[in-house]
Each structure stands twice: as structure tokens, then as C-alpha cells.
>>> print(open('structure22.cif').read())   # mmCIF, N, CA, C and O atoms
data_run
loop_
_atom_site.label_atom_id
_atom_site.label_comp_id
_atom_site.auth_asym_id
_atom_site.auth_seq_id
_atom_site.Cartn_x
_atom_site.Cartn_y
_atom_site.Cartn_z
N MET Z 1 41.53 -46.72 12.98
CA MET Z 1 41.36 -45.46 12.26
C MET Z 1 40.70 -45.75 10.91
O MET Z 1 41.15 -46.60 10.16
N ASN Z 2 39.68 -45.01 10.62
CA ASN Z 2 38.95 -45.22 9.38
C ASN Z 2 39.42 -44.20 8.35
O ASN Z 2 39.12 -43.02 8.44
N VAL Z 3 40.17 -44.68 7.36
CA VAL Z 3 40.79 -43.80 6.37
C VAL Z 3 39.75 -43.15 5.46
O VAL Z 3 39.86 -41.97 5.14
N LYS Z 4 38.72 -43.89 5.09
CA LYS Z 4 37.69 -43.33 4.21
C LYS Z 4 36.97 -42.16 4.87
O LYS Z 4 36.70 -41.14 4.24
N ARG Z 5 36.62 -42.33 6.14
CA ARG Z 5 35.92 -41.27 6.86
C ARG Z 5 36.81 -40.04 7.02
O ARG Z 5 36.36 -38.90 6.87
N THR Z 6 38.09 -40.25 7.31
CA THR Z 6 39.03 -39.13 7.44
C THR Z 6 39.20 -38.41 6.11
O THR Z 6 39.20 -37.18 6.06
N PHE Z 7 39.34 -39.17 5.03
CA PHE Z 7 39.48 -38.58 3.70
C PHE Z 7 38.22 -37.82 3.31
O PHE Z 7 38.28 -36.76 2.70
N GLY Z 8 37.06 -38.36 3.67
CA GLY Z 8 35.81 -37.67 3.41
C GLY Z 8 35.71 -36.36 4.16
O GLY Z 8 35.22 -35.35 3.62
N THR Z 9 36.20 -36.33 5.40
CA THR Z 9 36.20 -35.09 6.18
C THR Z 9 37.12 -34.05 5.55
O THR Z 9 36.77 -32.88 5.47
N VAL Z 10 38.30 -34.49 5.11
CA VAL Z 10 39.24 -33.57 4.46
C VAL Z 10 38.65 -33.01 3.17
O VAL Z 10 38.74 -31.80 2.90
N LEU Z 11 38.02 -33.87 2.37
CA LEU Z 11 37.39 -33.40 1.14
C LEU Z 11 36.27 -32.41 1.42
O LEU Z 11 36.12 -31.40 0.71
N THR Z 12 35.49 -32.68 2.46
CA THR Z 12 34.40 -31.77 2.81
C THR Z 12 34.94 -30.41 3.22
O THR Z 12 34.42 -29.37 2.79
N ILE Z 13 35.98 -30.39 4.02
CA ILE Z 13 36.57 -29.12 4.46
C ILE Z 13 37.16 -28.36 3.28
O ILE Z 13 36.97 -27.14 3.16
N LEU Z 14 37.85 -29.06 2.39
CA LEU Z 14 38.40 -28.40 1.20
C LEU Z 14 37.28 -27.85 0.31
O LEU Z 14 37.42 -26.77 -0.27
N GLY Z 15 36.19 -28.59 0.20
CA GLY Z 15 35.05 -28.11 -0.58
C GLY Z 15 34.44 -26.86 0.01
O GLY Z 15 34.09 -25.92 -0.71
N ILE Z 16 34.31 -26.83 1.33
CA ILE Z 16 33.76 -25.65 2.00
C ILE Z 16 34.67 -24.45 1.77
O ILE Z 16 34.19 -23.35 1.48
N ILE Z 17 35.98 -24.65 1.87
CA ILE Z 17 36.92 -23.55 1.64
C ILE Z 17 36.81 -23.03 0.21
O ILE Z 17 36.79 -21.82 -0.03
N GLY Z 18 36.72 -23.95 -0.77
CA GLY Z 18 36.57 -23.54 -2.17
C GLY Z 18 35.29 -22.78 -2.43
O GLY Z 18 35.28 -21.78 -3.15
N LEU Z 19 34.20 -23.24 -1.84
CA LEU Z 19 32.92 -22.55 -2.02
C LEU Z 19 32.92 -21.17 -1.37
O LEU Z 19 32.39 -20.21 -1.94
N ILE Z 20 33.52 -21.06 -0.19
CA ILE Z 20 33.60 -19.76 0.48
C ILE Z 20 34.46 -18.79 -0.33
O ILE Z 20 34.11 -17.62 -0.50
N TYR Z 21 35.58 -19.28 -0.86
CA TYR Z 21 36.46 -18.43 -1.66
C TYR Z 21 35.75 -17.94 -2.92
O TYR Z 21 35.83 -16.76 -3.28
N ALA Z 22 35.04 -18.84 -3.59
CA ALA Z 22 34.32 -18.46 -4.80
C ALA Z 22 33.20 -17.48 -4.47
O ALA Z 22 33.00 -16.50 -5.19
N GLY Z 23 32.48 -17.73 -3.40
CA GLY Z 23 31.40 -16.82 -3.01
C GLY Z 23 31.92 -15.45 -2.62
O GLY Z 23 31.33 -14.43 -2.98
N TYR Z 24 33.04 -15.41 -1.92
CA TYR Z 24 33.64 -14.14 -1.54
C TYR Z 24 34.08 -13.35 -2.78
O TYR Z 24 33.88 -12.13 -2.85
N GLY Z 25 34.64 -14.02 -3.77
CA GLY Z 25 35.05 -13.35 -5.00
C GLY Z 25 33.87 -12.83 -5.80
O GLY Z 25 33.93 -11.74 -6.37
N PHE Z 26 32.79 -13.61 -5.85
CA PHE Z 26 31.60 -13.16 -6.57
C PHE Z 26 30.96 -11.95 -5.90
O PHE Z 26 30.50 -11.03 -6.57
N VAL Z 27 30.93 -11.95 -4.57
CA VAL Z 27 30.33 -10.84 -3.84
C VAL Z 27 31.14 -9.56 -4.04
O VAL Z 27 30.59 -8.47 -4.17
N ASN Z 28 32.47 -9.69 -4.11
CA ASN Z 28 33.33 -8.52 -4.28
C ASN Z 28 33.54 -8.15 -5.74
O ASN Z 28 34.37 -7.30 -6.05
N HIS Z 29 32.82 -8.79 -6.66
CA HIS Z 29 32.89 -8.50 -8.10
C HIS Z 29 34.32 -8.58 -8.62
O HIS Z 29 34.81 -7.67 -9.28
N ASP Z 30 34.97 -9.69 -8.32
CA ASP Z 30 36.32 -9.93 -8.81
C ASP Z 30 36.30 -10.07 -10.33
O ASP Z 30 35.36 -10.61 -10.90
N GLN Z 31 37.33 -9.59 -10.99
CA GLN Z 31 37.39 -9.63 -12.45
C GLN Z 31 37.68 -11.03 -13.00
O GLN Z 31 37.41 -11.31 -14.15
N ASN Z 32 38.26 -11.89 -12.18
CA ASN Z 32 38.62 -13.24 -12.63
C ASN Z 32 37.43 -14.18 -12.44
O ASN Z 32 37.45 -15.10 -11.62
N THR Z 33 36.38 -13.99 -13.22
CA THR Z 33 35.15 -14.75 -13.07
C THR Z 33 35.34 -16.22 -13.44
O THR Z 33 34.81 -17.10 -12.78
N ARG Z 34 36.12 -16.49 -14.46
CA ARG Z 34 36.33 -17.88 -14.89
C ARG Z 34 37.06 -18.67 -13.80
O ARG Z 34 36.69 -19.81 -13.51
N GLY Z 35 38.05 -18.07 -13.18
CA GLY Z 35 38.76 -18.73 -12.09
C GLY Z 35 37.86 -18.99 -10.90
O GLY Z 35 37.93 -20.05 -10.27
N LEU Z 36 37.00 -18.02 -10.58
CA LEU Z 36 36.07 -18.21 -9.47
C LEU Z 36 35.06 -19.31 -9.79
O LEU Z 36 34.67 -20.07 -8.89
N LEU Z 37 34.65 -19.40 -11.03
CA LEU Z 37 33.73 -20.45 -11.43
C LEU Z 37 34.38 -21.83 -11.27
O LEU Z 37 33.74 -22.77 -10.78
N VAL Z 38 35.65 -21.93 -11.64
CA VAL Z 38 36.37 -23.19 -11.49
C VAL Z 38 36.50 -23.55 -10.01
O VAL Z 38 36.27 -24.70 -9.61
N TYR Z 39 36.85 -22.57 -9.16
CA TYR Z 39 36.94 -22.83 -7.72
C TYR Z 39 35.60 -23.27 -7.16
O TYR Z 39 35.53 -24.17 -6.32
N GLY Z 40 34.54 -22.66 -7.61
CA GLY Z 40 33.21 -23.02 -7.14
C GLY Z 40 32.81 -24.43 -7.54
O GLY Z 40 32.27 -25.19 -6.73
N ILE Z 41 33.07 -24.79 -8.79
CA ILE Z 41 32.70 -26.13 -9.27
C ILE Z 41 33.53 -27.20 -8.57
O ILE Z 41 33.00 -28.22 -8.12
N ILE Z 42 34.84 -26.98 -8.48
CA ILE Z 42 35.70 -27.96 -7.80
C ILE Z 42 35.34 -28.05 -6.31
O ILE Z 42 35.31 -29.14 -5.74
N GLY Z 43 35.05 -26.91 -5.69
CA GLY Z 43 34.63 -26.93 -4.30
C GLY Z 43 33.34 -27.70 -4.10
O GLY Z 43 33.20 -28.46 -3.15
N LEU Z 44 32.40 -27.54 -5.02
CA LEU Z 44 31.13 -28.26 -4.94
C LEU Z 44 31.35 -29.77 -5.11
O LEU Z 44 30.76 -30.57 -4.39
N ILE Z 45 32.21 -30.15 -6.05
CA ILE Z 45 32.51 -31.57 -6.26
C ILE Z 45 33.17 -32.16 -5.01
O ILE Z 45 32.80 -33.25 -4.56
N PHE Z 46 34.15 -31.46 -4.44
CA PHE Z 46 34.82 -31.95 -3.23
C PHE Z 46 33.83 -32.06 -2.08
O PHE Z 46 33.84 -33.03 -1.33
N PHE Z 47 32.97 -31.05 -1.93
CA PHE Z 47 32.01 -31.04 -0.83
C PHE Z 47 31.04 -32.22 -0.93
O PHE Z 47 30.83 -32.96 0.03
N VAL Z 48 30.48 -32.42 -2.11
CA VAL Z 48 29.49 -33.49 -2.30
C VAL Z 48 30.15 -34.86 -2.15
O VAL Z 48 29.59 -35.76 -1.50
N SER Z 49 31.33 -35.05 -2.71
CA SER Z 49 31.99 -36.35 -2.59
C SER Z 49 32.43 -36.61 -1.15
O SER Z 49 32.37 -37.76 -0.68
N GLY Z 50 32.88 -35.59 -0.44
CA GLY Z 50 33.26 -35.76 0.96
C GLY Z 50 32.08 -36.13 1.83
O GLY Z 50 32.16 -37.03 2.67
N ILE Z 51 30.96 -35.44 1.64
CA ILE Z 51 29.74 -35.77 2.39
C ILE Z 51 29.30 -37.19 2.06
O ILE Z 51 28.89 -37.96 2.95
N GLY Z 52 29.39 -37.58 0.81
CA GLY Z 52 29.02 -38.94 0.42
C GLY Z 52 29.89 -40.00 1.08
O GLY Z 52 29.40 -41.05 1.52
N LEU Z 53 31.20 -39.74 1.15
CA LEU Z 53 32.09 -40.69 1.81
C LEU Z 53 31.78 -40.81 3.30
O LEU Z 53 31.77 -41.91 3.86
N VAL Z 54 31.54 -39.70 3.94
CA VAL Z 54 31.26 -39.73 5.38
C VAL Z 54 29.94 -40.44 5.65
O VAL Z 54 29.83 -41.24 6.59
N ARG Z 55 28.93 -40.18 4.84
CA ARG Z 55 27.61 -40.78 5.07
C ARG Z 55 27.58 -42.28 4.77
O ARG Z 55 26.91 -43.04 5.45
N ASN Z 56 28.31 -42.71 3.75
CA ASN Z 56 28.22 -44.11 3.31
C ASN Z 56 29.26 -45.02 3.95
O ASN Z 56 29.23 -46.23 3.70
N THR Z 57 30.16 -44.49 4.74
CA THR Z 57 31.16 -45.31 5.40
C THR Z 57 30.61 -45.77 6.74
O THR Z 57 30.20 -44.97 7.57
N LYS Z 58 30.62 -47.07 6.95
CA LYS Z 58 30.09 -47.63 8.19
C LYS Z 58 31.16 -47.59 9.27
O LYS Z 58 32.35 -47.76 8.99
N ASP Z 59 30.73 -47.36 10.50
CA ASP Z 59 31.65 -47.37 11.64
C ASP Z 59 32.04 -48.82 11.95
O ASP Z 59 31.19 -49.69 12.10
N GLU Z 60 33.33 -49.04 12.04
CA GLU Z 60 33.83 -50.36 12.41
C GLU Z 60 34.71 -50.20 13.64
O GLU Z 60 35.81 -49.67 13.56
N SER Z 61 34.20 -50.62 14.75
CA SER Z 61 34.94 -50.47 16.01
C SER Z 61 35.70 -51.73 16.34
O SER Z 61 35.35 -52.80 16.09
#
>>> encode(input="structure22.cif", output="C-alpha cells")
Amino acid sequence: MNVKRTFGTVLTILGIIGLIYAGYGFVNHDQNTRGLLVYGIIGLIFFVSGIGLVRNTKDES
């Protein structure tokens, strides 16, 4: 079991969820703009770092 690849997948999924939540709030003109901005930034960081972990981890069978 490759822990780095699994952790990268989890980070990517969490990033996607954060980005979707922030996008949904922006589209619905939610009043908590600062909170949505934080969710968007953290989601983007999780997404990019998760993709980086998955791409840079070599398969070891």
C-alpha cells in the first residue's frame, strides 16, 4: 500500500469539495464572502498538493 498516493488522493478529493463549496456559495451570492474565499484558497492548496503527490509518487510493486 502506497501511503503517499493514498494521502494525495484524499487531499485531492478534499480540495475538490472545498472548491465546489466555495463556487456554490459565490454563485448563490452568499453574504459570508471572506469565509468562502478561505474555503476556496484552502481547497485550491489541497487540490494542487494532492495532484502533485499523486503525479510525483512512483509505483512500487
>>> resolve_selection(input="structure22.cif", expression="the PyMOL selection byres ((chain Z and resi 43-48) around 8)", output="list in words")
Phe7, Gly8, Thr9, Val10, Leu11, Thr12, Ile13, Leu14, Gly15, Ile16, Ile17, Gly18, Leu19, Ile20, Leu36, Leu37, Val38, Tyr39, Gly40, Ile41, Ile42, Ser49, Gly50, Ile51, Gly52, Leu53, Val54 and Arg55 of chain Z
>>> atom_distance(input="structure22.cif", atom1="atom CA of Gly35 of chain Z", atom2="atom CA of Gly23 of chain Z")
11.8 Å
>>> axis_aligned_box(input="structure22.cif", around="segment 18-24 of chain Z", padding_each_side="6 Å", output="lines of an AutoDock Vina configuration file")
center_x = 34.0
center_y = -18.0
center_z = -2.4
size_x = 17.4
size_y = 23.8
size_z = 17.7
>>> atom_distance(input="structure22.cif", atom1="atom CA of Ala22 of chain Z", atom2="atom O of Arg5 of chain Z")
23.6 Å
>>> residues_near_point(input="structure22.cif", point="(36.3, -49.2, 4.8)", cutoff="7 Å", atoms="only C-alpha atoms", output="list of chain:residue names")
Z:Asn2, Z:Lys4, Z:Thr57
>>> atom_distance(input="structure22.cif", atom1="atom O of Glu60 of chain Z", atom2="atom O of Thr6 of chain Z")
15.0 Å
